[in-house]
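**Q** Input entry-v8.pdb, format and content: PDB, C-alpha atoms and all ligand atoms.
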```pdb
ATOM      1  CA  MET A  70     -13.011   0.147  -7.409
ATOM      2  CA  ILE A  71     -12.844  -2.707  -4.875
ATOM      3  CA  GLN A  72     -15.328  -3.338  -2.087
ATOM      4  CA  VAL A  73     -14.755  -6.148   0.348
ATOM      5  CA  GLN A  74     -17.544  -6.815   2.808
ATOM      6  CA  ASN A  75     -17.426  -9.076   5.756
ATOM      7  CA  LEU A  76     -15.415 -11.804   4.044
ATOM      8  CA  THR A  77     -14.922 -14.995   5.983
ATOM      9  CA  ARG A  78     -13.148 -18.136   4.854
ATOM     10  CA  TYR A  79     -12.782 -21.356   6.770
ATOM     11  CA  TYR A  80     -10.362 -24.158   5.993
ATOM     12  CA  GLY A  81     -12.140 -27.059   7.605
ATOM     13  CA  ARG A  82     -13.082 -25.759  11.024
ATOM     14  CA  THR A  83     -10.330 -23.178  11.191
ATOM     15  CA  PRO A  84     -11.073 -19.629  10.093
ATOM     16  CA  ALA A  85      -8.333 -18.148   7.870
ATOM     17  CA  ILE A  86     -10.059 -14.764   7.662
ATOM     18  CA  GLN A  87     -13.049 -13.438   9.556
ATOM     19  CA  GLY A  88     -15.252 -10.464   8.768
ATOM     20  CA  VAL A  89     -12.689  -8.758   6.557
ATOM     21  CA  SER A  90     -13.976  -5.460   5.103
ATOM     22  CA  PHE A  91     -12.177  -2.709   3.243
ATOM     23  CA  GLU A  92     -12.401  -0.593   0.109
ATOM     24  CA  VAL A  93      -9.880   0.513  -2.459
ATOM     25  CA  GLU A  94     -10.327   3.687  -4.504
ATOM     26  CA  LYS A  95      -9.535   3.912  -8.175
ATOM     27  CA  GLY A  96      -5.866   4.610  -8.890
ATOM     28  CA  GLU A  97      -4.782   3.938  -5.316
ATOM     29  CA  ILE A  98      -2.012   1.626  -4.083
ATOM     30  CA  LEU A  99      -3.297  -0.103  -0.990
ATOM     31  CA  GLY A 100      -0.838  -1.871   1.265
ATOM     32  CA  PHE A 101      -2.250  -5.104   2.673
ATOM     33  CA  LEU A 102       0.015  -5.554   5.622
ATOM     34  CA  GLY A 103       0.213  -8.421   8.048
ATOM     35  CA  PRO A 104       2.506 -11.034   9.556
ATOM     36  CA  ASN A 105       2.740 -14.538   8.125
ATOM     37  CA  ALA A 106      -0.478 -16.552   8.229
ATOM     38  CA  ALA A 107      -2.549 -13.393   8.799
ATOM     39  CA  GLY A 108      -4.806 -14.192   5.843
ATOM     40  CA  LYS A 109      -3.377 -11.992   3.083
ATOM     41  CA  THR A 110      -3.108 -14.672   0.421
ATOM     42  CA  THR A 111      -6.513 -16.097   1.287
ATOM     43  CA  THR A 112      -8.126 -12.674   0.828
ATOM     44  CA  MET A 113      -6.309 -12.101  -2.451
ATOM     45  CA  ARG A 114      -7.273 -15.481  -3.816
ATOM     46  CA  ILE A 115     -10.911 -14.711  -3.085
ATOM     47  CA  LEU A 116     -10.636 -11.306  -4.779
ATOM     48  CA  THR A 117      -9.128 -12.885  -7.882
ATOM     49  CA  CYS A 118     -11.802 -15.608  -8.071
ATOM     50  CA  TYR A 119      -9.419 -18.459  -7.261
ATOM     51  CA  LEU A 120     -11.101 -19.349  -4.004
ATOM     52  CA  PRO A 121     -14.706 -18.997  -2.865
ATOM     53  CA  ALA A 122     -15.407 -17.263   0.419
ATOM     54  CA  THR A 123     -17.348 -19.080   3.115
ATOM     55  CA  SER A 124     -19.433 -15.941   3.579
ATOM     56  CA  GLY A 125     -19.392 -12.239   2.791
ATOM     57  CA  SER A 126     -18.941 -10.572  -0.558
ATOM     58  CA  ALA A 127     -16.388  -8.781  -2.686
ATOM     59  CA  LYS A 128     -16.834  -6.603  -5.738
ATOM     60  CA  VAL A 129     -14.316  -5.489  -8.305
ATOM     61  CA  ALA A 130     -15.364  -2.625 -10.579
ATOM     62  CA  GLY A 131     -18.934  -3.314  -9.468
ATOM     63  CA  PHE A 132     -18.849  -7.024 -10.360
ATOM     64  CA  ASP A 133     -19.284  -9.736  -7.769
ATOM     65  CA  VAL A 134     -16.273 -12.058  -7.532
ATOM     66  CA  PHE A 135     -18.479 -15.064  -7.040
ATOM     67  CA  ASN A 136     -21.447 -14.497  -9.373
ATOM     68  CA  GLN A 137     -19.692 -12.510 -12.093
ATOM     69  CA  SER A 138     -16.251 -14.034 -12.040
ATOM     70  CA  MET A 139     -15.687 -13.724 -15.802
ATOM     71  CA  ASP A 140     -16.218  -9.960 -15.624
ATOM     72  CA  VAL A 141     -13.945  -9.742 -12.604
ATOM     73  CA  ARG A 142     -11.160 -11.805 -14.165
ATOM     74  CA  ARG A 143     -11.168  -9.572 -17.224
ATOM     75  CA  ARG A 144     -10.537  -6.538 -15.017
ATOM     76  CA  ILE A 145      -8.058  -7.988 -12.594
ATOM     77  CA  GLY A 146      -4.415  -8.984 -12.926
ATOM     78  CA  TYR A 147      -2.945 -11.283 -10.301
ATOM     79  CA  LEU A 148       0.628 -11.884  -9.327
ATOM     80  CA  PRO A 149       0.538 -14.850  -6.943
ATOM     81  CA  GLU A 150       3.282 -15.572  -4.407
ATOM     82  CA  GLN A 151       4.707 -18.062  -6.895
ATOM     83  CA  PRO A 152       4.373 -16.539 -10.374
ATOM     84  CA  PRO A 153       3.047 -19.117 -12.855
ATOM     85  CA  LEU A 154       5.994 -18.927 -15.244
ATOM     86  CA  TYR A 155       6.749 -21.438 -17.975
ATOM     87  CA  THR A 156      10.471 -21.291 -17.538
ATOM     88  CA  ASP A 157      11.432 -23.015 -20.779
ATOM     89  CA  MET A 158       9.718 -20.340 -22.845
ATOM     90  CA  THR A 159      11.251 -17.047 -23.872
ATOM     91  CA  VAL A 160       9.834 -13.946 -22.229
ATOM     92  CA  LYS A 161       8.078 -12.873 -25.403
ATOM     93  CA  ALA A 162       6.637 -16.278 -26.259
ATOM     94  CA  TYR A 163       5.361 -16.708 -22.714
ATOM     95  CA  LEU A 164       3.651 -13.303 -22.675
ATOM     96  CA  HIS A 165       2.036 -14.030 -26.057
ATOM     97  CA  PHE A 166       0.817 -17.309 -24.633
ATOM     98  CA  VAL A 167      -0.672 -15.632 -21.568
ATOM     99  CA  ALA A 168      -2.280 -12.948 -23.745
ATOM    100  CA  LYS A 169      -3.916 -15.696 -25.735
ATOM    101  CA  ILE A 170      -5.323 -17.590 -22.771
ATOM    102  CA  LYS A 171      -6.542 -14.336 -21.269
ATOM    103  CA  GLY A 172      -8.504 -13.680 -24.406
ATOM    104  CA  VAL A 173      -6.600 -10.679 -25.762
ATOM    105  CA  ASP A 174      -7.706 -10.056 -29.361
ATOM    106  CA  PRO A 175      -5.109 -11.627 -31.736
ATOM    107  CA  ARG A 176      -4.704  -8.301 -33.551
ATOM    108  CA  GLU A 177      -3.939  -6.583 -30.251
ATOM    109  CA  ARG A 178      -1.572  -9.141 -28.788
ATOM    110  CA  LYS A 179       1.660  -7.862 -30.230
ATOM    111  CA  ASN A 180       0.968  -4.325 -29.039
ATOM    112  CA  ARG A 181      -0.094  -5.443 -25.590
ATOM    113  CA  VAL A 182       2.957  -7.674 -25.126
ATOM    114  CA  ASN A 183       5.289  -4.904 -26.286
ATOM    115  CA  GLU A 184       3.601  -2.427 -23.993
ATOM    116  CA  VAL A 185       3.845  -4.557 -20.845
ATOM    117  CA  MET A 186       7.460  -5.409 -21.640
ATOM    118  CA  GLU A 187       8.168  -1.672 -21.850
ATOM    119  CA  LYS A 188       6.321  -0.958 -18.621
ATOM    120  CA  THR A 189       8.162  -3.650 -16.698
ATOM    121  CA  ASP A 190      11.469  -2.856 -18.364
ATOM    122  CA  ILE A 191      12.115  -6.294 -19.851
ATOM    123  CA  THR A 192      12.078  -5.451 -23.563
ATOM    124  CA  GLU A 193      15.785  -6.163 -23.816
ATOM    125  CA  ARG A 194      15.268  -9.636 -22.368
ATOM    126  CA  GLN A 195      12.341 -10.610 -24.591
ATOM    127  CA  ASP A 196      14.226 -13.363 -26.421
ATOM    128  CA  GLN A 197      15.794 -14.903 -23.332
ATOM    129  CA  VAL A 198      14.549 -18.108 -21.806
ATOM    130  CA  ILE A 199      12.808 -17.292 -18.508
ATOM    131  CA  ARG A 200      14.753 -19.960 -16.607
ATOM    132  CA  LYS A 201      17.986 -18.052 -17.201
ATOM    133  CA  LEU A 202      16.717 -14.754 -15.839
ATOM    134  CA  SER A 203      17.585 -13.414 -12.379
ATOM    135  CA  LYS A 204      14.907 -13.532  -9.725
ATOM    136  CA  GLY A 205      14.298  -9.809 -10.132
ATOM    137  CA  PHE A 206      13.693 -10.171 -13.847
ATOM    138  CA  LYS A 207      11.475 -13.200 -13.314
ATOM    139  CA  GLN A 208       9.364 -11.097 -11.006
ATOM    140  CA  ARG A 209       9.061  -8.455 -13.710
ATOM    141  CA  VAL A 210       7.855 -11.115 -16.116
ATOM    142  CA  GLY A 211       5.346 -12.087 -13.426
ATOM    143  CA  LEU A 212       4.146  -8.493 -13.298
ATOM    144  CA  ALA A 213       4.001  -8.310 -17.070
ATOM    145  CA  GLN A 214       1.799 -11.429 -17.291
ATOM    146  CA  ALA A 215      -0.538  -9.928 -14.684
ATOM    147  CA  MET A 216      -0.935  -6.812 -16.828
ATOM    148  CA  VAL A 217      -1.046  -8.237 -20.320
ATOM    149  CA  HIS A 218      -4.835  -8.010 -20.684
ATOM    150  CA  ASN A 219      -4.732  -4.394 -19.469
ATOM    151  CA  PRO A 220      -6.699  -4.902 -16.244
ATOM    152  CA  ASP A 221      -7.926  -1.980 -14.147
ATOM    153  CA  VAL A 222      -6.899  -3.716 -10.945
ATOM    154  CA  LEU A 223      -3.646  -5.422  -9.984
ATOM    155  CA  VAL A 224      -3.427  -7.784  -7.032
ATOM    156  CA  LEU A 225       0.197  -8.400  -6.081
ATOM    157  CA  ASP A 226       0.935 -10.982  -3.411
ATOM    158  CA  GLU A 227       4.231 -10.178  -1.663
ATOM    159  CA  PRO A 228       5.844  -9.023  -4.911
ATOM    160  CA  THR A 229       9.297  -8.365  -3.442
ATOM    161  CA  VAL A 230       9.779 -11.555  -1.424
ATOM    162  CA  GLY A 231      13.046 -13.292  -2.230
ATOM    163  CA  LEU A 232      14.569 -10.429  -4.188
ATOM    164  CA  ASP A 233      17.897  -8.851  -3.338
ATOM    165  CA  PRO A 234      17.929  -5.245  -2.058
ATOM    166  CA  ASN A 235      18.581  -3.659  -5.459
ATOM    167  CA  GLN A 236      15.876  -5.695  -7.134
ATOM    168  CA  ILE A 237      13.480  -4.774  -4.328
ATOM    169  CA  ILE A 238      14.023  -1.067  -4.934
ATOM    170  CA  GLU A 239      13.502  -1.530  -8.675
ATOM    171  CA  VAL A 240      10.342  -3.578  -8.348
ATOM    172  CA  ARG A 241       8.869  -1.141  -5.809
ATOM    173  CA  GLN A 242       9.558   1.778  -8.127
ATOM    174  CA  LEU A 243       7.993  -0.103 -10.976
ATOM    175  CA  ILE A 244       4.838  -0.736  -8.957
ATOM    176  CA  LYS A 245       4.656   2.912  -7.957
ATOM    177  CA  ASN A 246       4.840   3.913 -11.607
ATOM    178  CA  LEU A 247       1.875   1.670 -12.369
ATOM    179  CA  ALA A 248      -0.471   3.398  -9.928
ATOM    180  CA  GLY A 249      -2.830   5.894 -11.445
ATOM    181  CA  ASN A 250      -3.483   3.756 -14.489
ATOM    182  CA  HIS A 251      -4.176   0.786 -12.264
ATOM    183  CA  THR A 252      -5.698   0.294  -8.858
ATOM    184  CA  ILE A 253      -3.276  -1.833  -6.877
ATOM    185  CA  ILE A 254      -3.433  -4.030  -3.803
ATOM    186  CA  LEU A 255      -0.031  -5.110  -2.635
ATOM    187  CA  SER A 256       0.389  -7.519   0.225
ATOM    188  CA  THR A 257       3.494  -7.558   2.341
ATOM    189  CA  HIS A 258       4.807  -8.378   5.774
ATOM    190  CA  ILE A 259       7.515  -5.742   5.334
ATOM    191  CA  LEU A 260       6.618  -2.488   7.024
ATOM    192  CA  PRO A 261       8.918  -0.106   5.169
ATOM    193  CA  GLU A 262       7.509  -1.436   1.912
ATOM    194  CA  VAL A 263       4.116  -0.021   2.796
ATOM    195  CA  GLU A 264       5.593   3.300   3.847
ATOM    196  CA  MET A 265       7.583   3.539   0.636
ATOM    197  CA  THR A 266       5.023   2.313  -1.833
ATOM    198  CA  CYS A 267       1.475   2.838  -0.589
ATOM    199  CA  GLN A 268      -0.765   5.740   0.347
ATOM    200  CA  ARG A 269      -3.053   3.713   2.508
ATOM    201  CA  ALA A 270      -2.829   0.476   4.427
ATOM    202  CA  VAL A 271      -5.091  -2.212   5.748
ATOM    203  CA  ILE A 272      -3.450  -4.088   8.588
ATOM    204  CA  ILE A 273      -4.561  -7.676   9.034
ATOM    205  CA  SER A 274      -3.689  -9.931  11.919
ATOM    206  CA  ARG A 275      -4.938 -13.457  12.604
ATOM    207  CA  GLY A 276      -7.576 -13.164   9.943
ATOM    208  CA  ARG A 277      -9.040  -9.865  11.075
ATOM    209  CA  VAL A 278      -8.582  -6.300   9.935
ATOM    210  CA  VAL A 279      -7.140  -4.428  12.897
ATOM    211  CA  ALA A 280      -6.588  -1.019  11.273
ATOM    212  CA  GLN A 281      -7.097   0.800   8.023
ATOM    213  CA  ASP A 282      -6.124   4.357   7.313
ATOM    214  CA  THR A 283      -3.668   6.534   5.446
ATOM    215  CA  ILE A 284      -0.077   5.960   6.469
ATOM    216  CA  ALA A 285       0.065   9.575   7.677
ATOM    217  CA  ASN A 286      -2.902   9.135   9.986
ATOM    218  CA  MET A 287      -1.664   5.815  11.277
ATOM    219  CA  THR A 288       1.655   7.227  12.311
ATOM    220  CA  GLN A 289       0.431  10.517  13.659
ATOM    221  CA  GLN A 290      -0.036  10.440  17.342
ATOM    222  CA  LYS A 291      -3.577  11.434  18.061
ATOM    223  CA  ARG A 292      -3.285  12.628  21.581
ATOM    224  CA  GLY A 293      -4.614  16.024  22.642
ATOM    225  CA  ALA A 294      -2.813  19.239  21.996
ATOM    226  CA  GLY A 295       0.214  19.313  19.769
ATOM    227  CA  ARG A 296       3.477  20.961  20.643
ATOM    228  CA  LEU A 297       5.635  22.558  18.006
ATOM    229  CA  VAL A 298       9.061  24.105  18.092
ATOM    230  CA  LEU A 299       9.885  27.046  15.849
ATOM    231  CA  GLN A 300      13.082  28.915  15.354
ATOM    232  CA  VAL A 301      12.451  32.351  13.894
ATOM    233  CA  ASP A 302      14.910  34.947  12.749
ATOM    234  CA  GLY A 303      13.143  38.119  13.961
ATOM    235  CA  PRO A 304      12.572  40.390  16.983
ATOM    236  CA  ALA A 305      11.584  38.267  19.990
ATOM    237  CA  ALA A 306       8.540  40.079  21.417
ATOM    238  CA  PRO A 307       6.739  40.780  18.116
ATOM    239  CA  VAL A 308       7.425  37.237  16.936
ATOM    240  CA  ARG A 309       5.981  35.775  20.109
ATOM    241  CA  ASP A 310       2.900  38.010  19.948
ATOM    242  CA  LYS A 311       2.346  37.184  16.313
ATOM    243  CA  LEU A 312       2.602  33.430  16.899
ATOM    244  CA  ALA A 313       0.234  33.716  19.862
ATOM    245  CA  SER A 314      -2.327  35.488  17.664
ATOM    246  CA  VAL A 315      -2.594  32.595  15.201
ATOM    247  CA  ALA A 316      -5.985  30.875  15.426
ATOM    248  CA  GLY A 317      -5.726  27.523  17.183
ATOM    249  CA  VAL A 318      -2.632  28.463  19.184
ATOM    250  CA  LYS A 319      -3.070  28.187  22.951
ATOM    251  CA  LYS A 320       0.293  29.172  24.329
ATOM    252  CA  VAL A 321       3.665  30.398  23.158
ATOM    253  CA  HIS A 322       6.768  30.052  25.229
ATOM    254  CA  ALA A 323       9.897  31.849  24.091
ATOM    255  CA  SER A 324      13.203  30.233  24.910
ATOM    256  CA  SER A 325      16.767  31.084  24.081
ATOM    257  CA  ASP A 326      18.239  31.062  20.607
ATOM    258  CA  ASN A 327      15.137  32.531  18.879
ATOM    259  CA  ARG A 328      13.207  29.364  19.633
ATOM    260  CA  TYR A 329       9.513  29.288  20.508
ATOM    261  CA  GLU A 330       7.504  26.444  21.823
ATOM    262  CA  VAL A 331       3.932  26.602  20.578
ATOM    263  CA  GLU A 332       1.075  24.658  22.083
ATOM    264  CA  SER A 333      -1.960  24.247  19.842
ATOM    265  CA  GLU A 334      -5.535  23.229  20.563
ATOM    266  CA  ALA A 335      -6.305  19.533  20.508
ATOM    267  CA  GLY A 336      -6.414  18.015  17.064
ATOM    268  CA  ARG A 337      -5.508  21.255  15.300
ATOM    269  CA  ASP A 338      -2.646  21.419  12.859
ATOM    270  CA  VAL A 339      -1.457  25.047  12.869
ATOM    271  CA  ARG A 340       1.848  24.537  11.093
ATOM    272  CA  ARG A 341       0.806  26.204   7.840
ATOM    273  CA  GLU A 342      -0.688  29.229   9.595
ATOM    274  CA  LEU A 343       2.400  29.634  11.784
ATOM    275  CA  ALA A 344       4.730  29.448   8.815
ATOM    276  CA  GLN A 345       2.588  31.970   6.970
ATOM    277  CA  ALA A 346       2.568  34.405   9.896
ATOM    278  CA  VAL A 347       6.350  34.306  10.113
ATOM    279  CA  VAL A 348       6.972  34.702   6.412
ATOM    280  CA  GLN A 349       4.357  37.440   5.938
ATOM    281  CA  ASN A 350       6.191  39.569   8.503
ATOM    282  CA  GLY A 351       9.418  39.202   6.623
ATOM    283  CA  TRP A 352      11.055  37.065   9.317
ATOM    284  CA  GLY A 353      13.069  33.983   8.594
ATOM    285  CA  LEU A 354      11.605  30.596   9.465
ATOM    286  CA  LEU A 355      14.680  28.604  10.407
ATOM    287  CA  GLU A 356      12.923  25.581  11.862
ATOM    288  CA  LEU A 357       9.439  24.198  12.389
ATOM    289  CA  ARG A 358       8.988  20.763  13.862
ATOM    290  CA  SER A 359       6.658  18.759  16.017
ATOM    291  CA  LYS A 360       7.790  18.121  19.541
ATOM    292  CA  ASP A 361       5.485  15.159  19.910
ATOM    293  CA  LYS A 362       7.086  12.111  18.468
ATOM    294  CA  ASP A 363       4.952  10.464  15.816
ATOM    295  CA  PHE A 364       4.591   6.723  16.077
ATOM    296  CA  THR A 365       6.442   4.880  13.398
ATOM    297  CA  LEU A 366       4.339   2.501  11.371
ATOM    298  CA  GLU A 367       6.308  -0.246  13.058
ATOM    299  CA  GLU A 368       5.076   0.821  16.489
ATOM    300  CA  VAL A 369       1.509   1.035  15.209
ATOM    301  CA  PHE A 370       1.863  -2.389  13.670
ATOM    302  CA  LEU A 371       3.366  -4.056  16.735
ATOM    303  CA  ASN A 372       0.757  -2.448  18.880
ATOM    304  CA  LEU A 373      -2.008  -3.899  16.749
ATOM    305  CA  THR A 374      -0.595  -7.309  15.936
ATOM    306  CA  THR A 375       0.850  -8.476  19.225
ATOM    307  CA  GLU A 376      -1.215  -9.798  22.039
ATOM    308  CA  GLU A 377      -0.184  -7.165  24.540
ATOM    309  CA  GLY A 378      -1.232  -4.631  21.943
ATOM    310  CA  GLY A 379      -4.740  -5.970  22.336
ATOM    311  CA  ALA A 380      -5.356  -6.871  18.705
ATOM    312  CA  ASN A 381      -7.633  -9.712  19.602
ATOM    313  CA  ALA A 382      -8.587  -8.713  23.110
TER     314      ALA A 382
HETATM  315  N1  LIG B 401      -5.185 -24.550   1.713
HETATM  316  C1  LIG B 401      -5.182 -24.355   3.038
HETATM  317  N2  LIG B 401      -5.625 -25.305   3.876
HETATM  318  C2  LIG B 401      -5.646 -25.120   5.206
HETATM  319  N3  LIG B 401      -5.256 -24.002   5.824
HETATM  320  C3  LIG B 401      -4.795 -22.995   5.052
HETATM  321  C4  LIG B 401      -4.740 -23.111   3.615
HETATM  322  N4  LIG B 401      -4.242 -21.958   3.118
HETATM  323  C5  LIG B 401      -4.008 -21.162   4.171
HETATM  324  N5  LIG B 401      -4.331 -21.769   5.341
HETATM  325  C6  LIG B 401      -4.244 -21.172   6.677
HETATM  326  O1  LIG B 401      -4.970 -19.955   6.687
HETATM  327  C7  LIG B 401      -4.283 -18.950   7.418
HETATM  328  C8  LIG B 401      -4.033 -17.748   6.539
HETATM  329  O2  LIG B 401      -3.098 -18.098   5.523
HETATM  330  P1  LIG B 401      -2.679 -17.127   4.349
HETATM  331  O3  LIG B 401      -3.904 -16.518   3.760
HETATM  332  O4  LIG B 401      -1.779 -17.867   3.431
HETATM  333  O5  LIG B 401      -1.873 -15.998   5.143
HETATM  334  P2  LIG B 401      -0.715 -14.994   4.663
HETATM  335  O6  LIG B 401      -0.770 -14.900   3.171
HETATM  336  O7  LIG B 401      -1.054 -13.703   5.351
HETATM  337  O8  LIG B 401       0.573 -15.547   5.155
HETATM  338  C9  LIG B 401      -3.013 -19.593   7.948
HETATM  339  O9  LIG B 401      -3.232 -20.001   9.256
HETATM  340  C10 LIG B 401      -2.818 -20.769   7.017
HETATM  341  O10 LIG B 401      -2.138 -21.824   7.679
HETATM  342 MG    MG B 402       0.687 -15.226   1.784
END
```
Reformat the file's structure so that it appears as structure tokens.
**A**
Amino acid sequence: MIQVQNLTRYYGRTPAIQGVSFEVEKGEILGFLGPNAAGKTTTMRILTCYLPATSGSAKVAGFDVFNQSMDVRRRIGYLPEQPPLYTDMTVKAYLHFVAKIKGVDPRERKNRVNEVMEKTDITERQDQVIRKLSKGFKQRVGLAQAMVHNPDVLVLDEPTVGLDPNQIIEVRQLIKNLAGNHTIILSTHILPEVEMTCQRAVIISRGRVVAQDTIANMTQQKRGAGRLVLQVDGPAAPVRDKLASVAGVKKVHASSDNRYEVESEAGRDVRRELAQAVVQNGWGLLELRSKDKDFTLEEVFLNLTTEEGGANA
């Protein structure tokens, strides 16, 4: 749905982003994660046709953001860091106004506005003046305006900044509910936000992409053989023999308390097969866990975005 290729943008002689490339699949929520000044907003402004790139290209739904910006704008909804709200208008009047300037057919406007108010859970506030709303509700209005022309893609720039903890949880849930119907890029400098909301992340630091992968792969330690610990309710010798016979298992060490330490071949995940072997023999699987500590996303992130981590080495 989105292809970004080698995007570079200079402000004067200073590069804000350099050689940024990534893709986003249809229906996916991509976390665009990076510390302040990493280049998140710059990239998003290019994607939404608000800023030309110095070089490189970006496509949304097959349309080039530079040469086919009208087609792109029709398919993209943008929530900037500062939502463009007219605070003296009521929620409903404002959304009708946005629908109009975004070219929504007059006969469709009422339906569209009602639908986005439902989706962002602001229907009950439709007659209130935006200025009087809480920050959390203002942000929902911001989301609603981004969606009013029913775009395939939503670009959300730090959508939870400045909200209180309850509002943050609500807005994150709301964004999660939107995935599937929409392809979403969400920028943030908050690590747990990516873990809670996104399937995949692109990590950007000082204008360059330093990692992109699923959250699971990023946090899984990719070193050699894995070690697992099982606790099995069953007769010790047969259990050990059975575990040892599972394909991909190198060694089984029985310890006290019905526990077994299993060493698997490098890069092989044998957890399903082990669980199956235990259950098929009618034994009880009391515990199955990895002995190797996975990296947290925070460790991955620090590793990639700090100088000692070698991000720009
Ligand atoms: N209009 C501008 N003029 C000059 N420099 C800018 C401008 N906008 C952003 N920058 C610089 O570009 C870099 C990336 O900024 P930005 O894309 O806003 O990062 P982020 O959104 O990740 O915080 C920063 O060093 C910032 O100071
Ligand atoms: Mg920003």
**Q** Step by step, work through what the PyMOL selection byres (((chain A and resi 198) around 6) and not hetatm) selects in the shown file, and finish by giving those residues as a CSV table (one decimal) with C-alpha atoms, in the coordinates of the input.
**A**
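The new file out-v6.csv reads:
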```csv
chain,number,residue,atom,x,y,z
A,157,ASP,CA,11.4,-23.0,-20.8
A,158,MET,CA,9.7,-20.3,-22.8
A,159,THR,CA,11.3,-17.0,-23.9
A,197,GLN,CA,15.8,-14.9,-23.3
A,199,ILE,CA,12.8,-17.3,-18.5
A,200,ARG,CA,14.8,-20.0,-16.6
A,201,LYS,CA,18.0,-18.1,-17.2
```
**Q** Could you tell me which of A:Val160, A:Val222, A:Ile244, A:Leu76 comes closest to Ser90 of chain A if we count all atoms listed in the file?
**A**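 Closest candidate: A:Leu76.
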**Q** Neighbouring residues of ligand LIG 401 (chain B) are defined here as those with any atom at most 10 Å from a ligand atom, counting all atoms listed in the file; list them as a ChimeraX atom specification.
**A** /A:78-86,101-115,120,150,226-227,256-258,273-276
**Q** Name the residues that the PyMOL selection byres (((chain A and resi 116) around 10) and not hetatm) picks from the file above, as a ChimeraX atom specification, using the file's chain letters and numbers.
**A** /A:71-73,110-115,117-122,126-129,133-135,138,141-142,145,147,224
**Q** Measure the distance from atom CA of Ala346 of chain A to atom CA of Val315 of chain A in Å and round it to one decimal.
**A**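 Computed distance, atom CA of Ala346 of chain A to atom CA of Val315 of chain A, equals 7.6 Å.
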**Q** Taking the file as I've supplied it (selection: the PyMOL selection byres (((chain A and resi 355) around 12) and not hetatm)), which residues are included? Please answer as a tab-separated table (two decimals) with C-alpha atoms, in the frame of the given file.
**A**
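Dumped everything to selection-v3.tsv:
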```tsv
chain	number	residue	atom	x	y	z
A	298	VAL	CA	9.06	24.10	18.09
A	299	LEU	CA	9.88	27.05	15.85
A	300	GLN	CA	13.08	28.92	15.35
A	301	VAL	CA	12.45	32.35	13.89
A	302	ASP	CA	14.91	34.95	12.75
A	303	GLY	CA	13.14	38.12	13.96
A	326	ASP	CA	18.24	31.06	20.61
A	327	ASN	CA	15.14	32.53	18.88
A	328	ARG	CA	13.21	29.36	19.63
A	329	TYR	CA	9.51	29.29	20.51
A	344	ALA	CA	4.73	29.45	8.82
A	347	VAL	CA	6.35	34.31	10.11
A	348	VAL	CA	6.97	34.70	6.41
A	352	TRP	CA	11.06	37.06	9.32
A	353	GLY	CA	13.07	33.98	8.59
A	354	LEU	CA	11.60	30.60	9.46
A	356	GLU	CA	12.92	25.58	11.86
A	357	LEU	CA	9.44	24.20	12.39
A	358	ARG	CA	8.99	20.76	13.86
```
**Q** Just want the 12 Å neighbourhood of Phe166 of chain A, counted on all atoms listed in the file, with same-chain residues fewer than 2 positions away dropped. Output as number ranges by chain.
**A** A: 154-155, 158-164, 168-173, 175, 178-179, 181-182, 214, 217-218
**Q** Which residue is closest to Asp221 of chain A? Choose from A:Val271, A:Ile254, A:Ala335, A:Val240 and count all atoms listed in the file.
**A**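 Answer, going by the shortest atom-to-atom distance: A:Ile254.
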**Q** Between atom CA of Gly146 of chain A and atom CA of Ala280 of chain A, what is the distance in Å, rounded to a tenth?
**A**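 Atom-to-atom, atom CA of Gly146 of chain A and atom CA of Ala280 of chain A are spaced 25.6 Å apart.
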**Q** Which residue out of A:Gln151, A:Gln242, A:Ser333, A:Gln195 has the minimum interatomic distance to ligand MG 402 (chain B) when all atoms listed in the file are used?
**A**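 Looking at the shortest contact to ligand MG 402 (chain B), the residue is A:Gln151.
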**Q** So how many Å separate atom CA of Val167 of chain A and atom CA of Glu262 of chain A, to one decimal?
**A**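 That distance, rounded to one decimal, is 28.6 Å.
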**Q** Here is a test: counting all atoms listed in the file, which residue of A:Leu366, A:Leu255, A:Ala316, A:Met287 is nearest to ligand MG 402 (chain B)?
**A**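 Ranking A:Leu366, A:Leu255, A:Ala316, A:Met287 by distance to ligand MG 402 (chain B), first place goes to A:Leu255.
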**Q** Which residue is closest to ligand MG 402 (chain B)? Choose from A:Gln345, A:Asp310, A:Val321, A:Val230 and count all atoms listed in the file.
**A**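 Checking each candidate against ligand MG 402 (chain B), we get A:Val230 as the closest.
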**Q** So, with only C-alpha atoms as the atoms that count, which of A:Ala130, A:Val308, A:Val278, A:Ile98 lies closest to Lys245 of chain A?
**A**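 Using only C-alpha atoms, Lys245 of chain A sits closest to A:Ile98.
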**Q** Determine, counting only C-alpha atoms, which protein, DNA and RNA residues have an atom within 7 Å of an atom of segment 184-190 of chain A; residues of the same chain fewer than 6 positions away are not included. Present the result as number ranges by chain.
**A** A: 209, 213, 216-217, 243
**Q** Can I get the selected residues back with C-alpha atoms, as an mmCIF file, in the coordinates of the input?
**A**
```cif
data_model
loop_
_atom_site.group_PDB
_atom_site.id
_atom_site.type_symbol
_atom_site.label_atom_id
_atom_site.label_comp_id
_atom_site.auth_asym_id
_atom_site.auth_seq_id
_atom_site.Cartn_x
_atom_site.Cartn_y
_atom_site.Cartn_z
ATOM 1 C CA ARG A 209 9.061 -8.455 -13.710
ATOM 2 C CA ALA A 213 4.001 -8.310 -17.070
ATOM 3 C CA MET A 216 -0.935 -6.812 -16.828
ATOM 4 C CA VAL A 217 -1.046 -8.237 -20.320
ATOM 5 C CA LEU A 243 7.993 -0.103 -10.976
#
```
**Q** Which residues are near Gly295 of chain A? Cut-off 8 Å, all atoms listed in the file, ignore same chain within fewer than 5 positions. Put them as a list in words.
**A**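 The residues that qualify are Glu332, Ser333, Glu334, Ala335, Gly336, Arg337, Asp338, Ser359, Lys360 and Asp361 of chain A.
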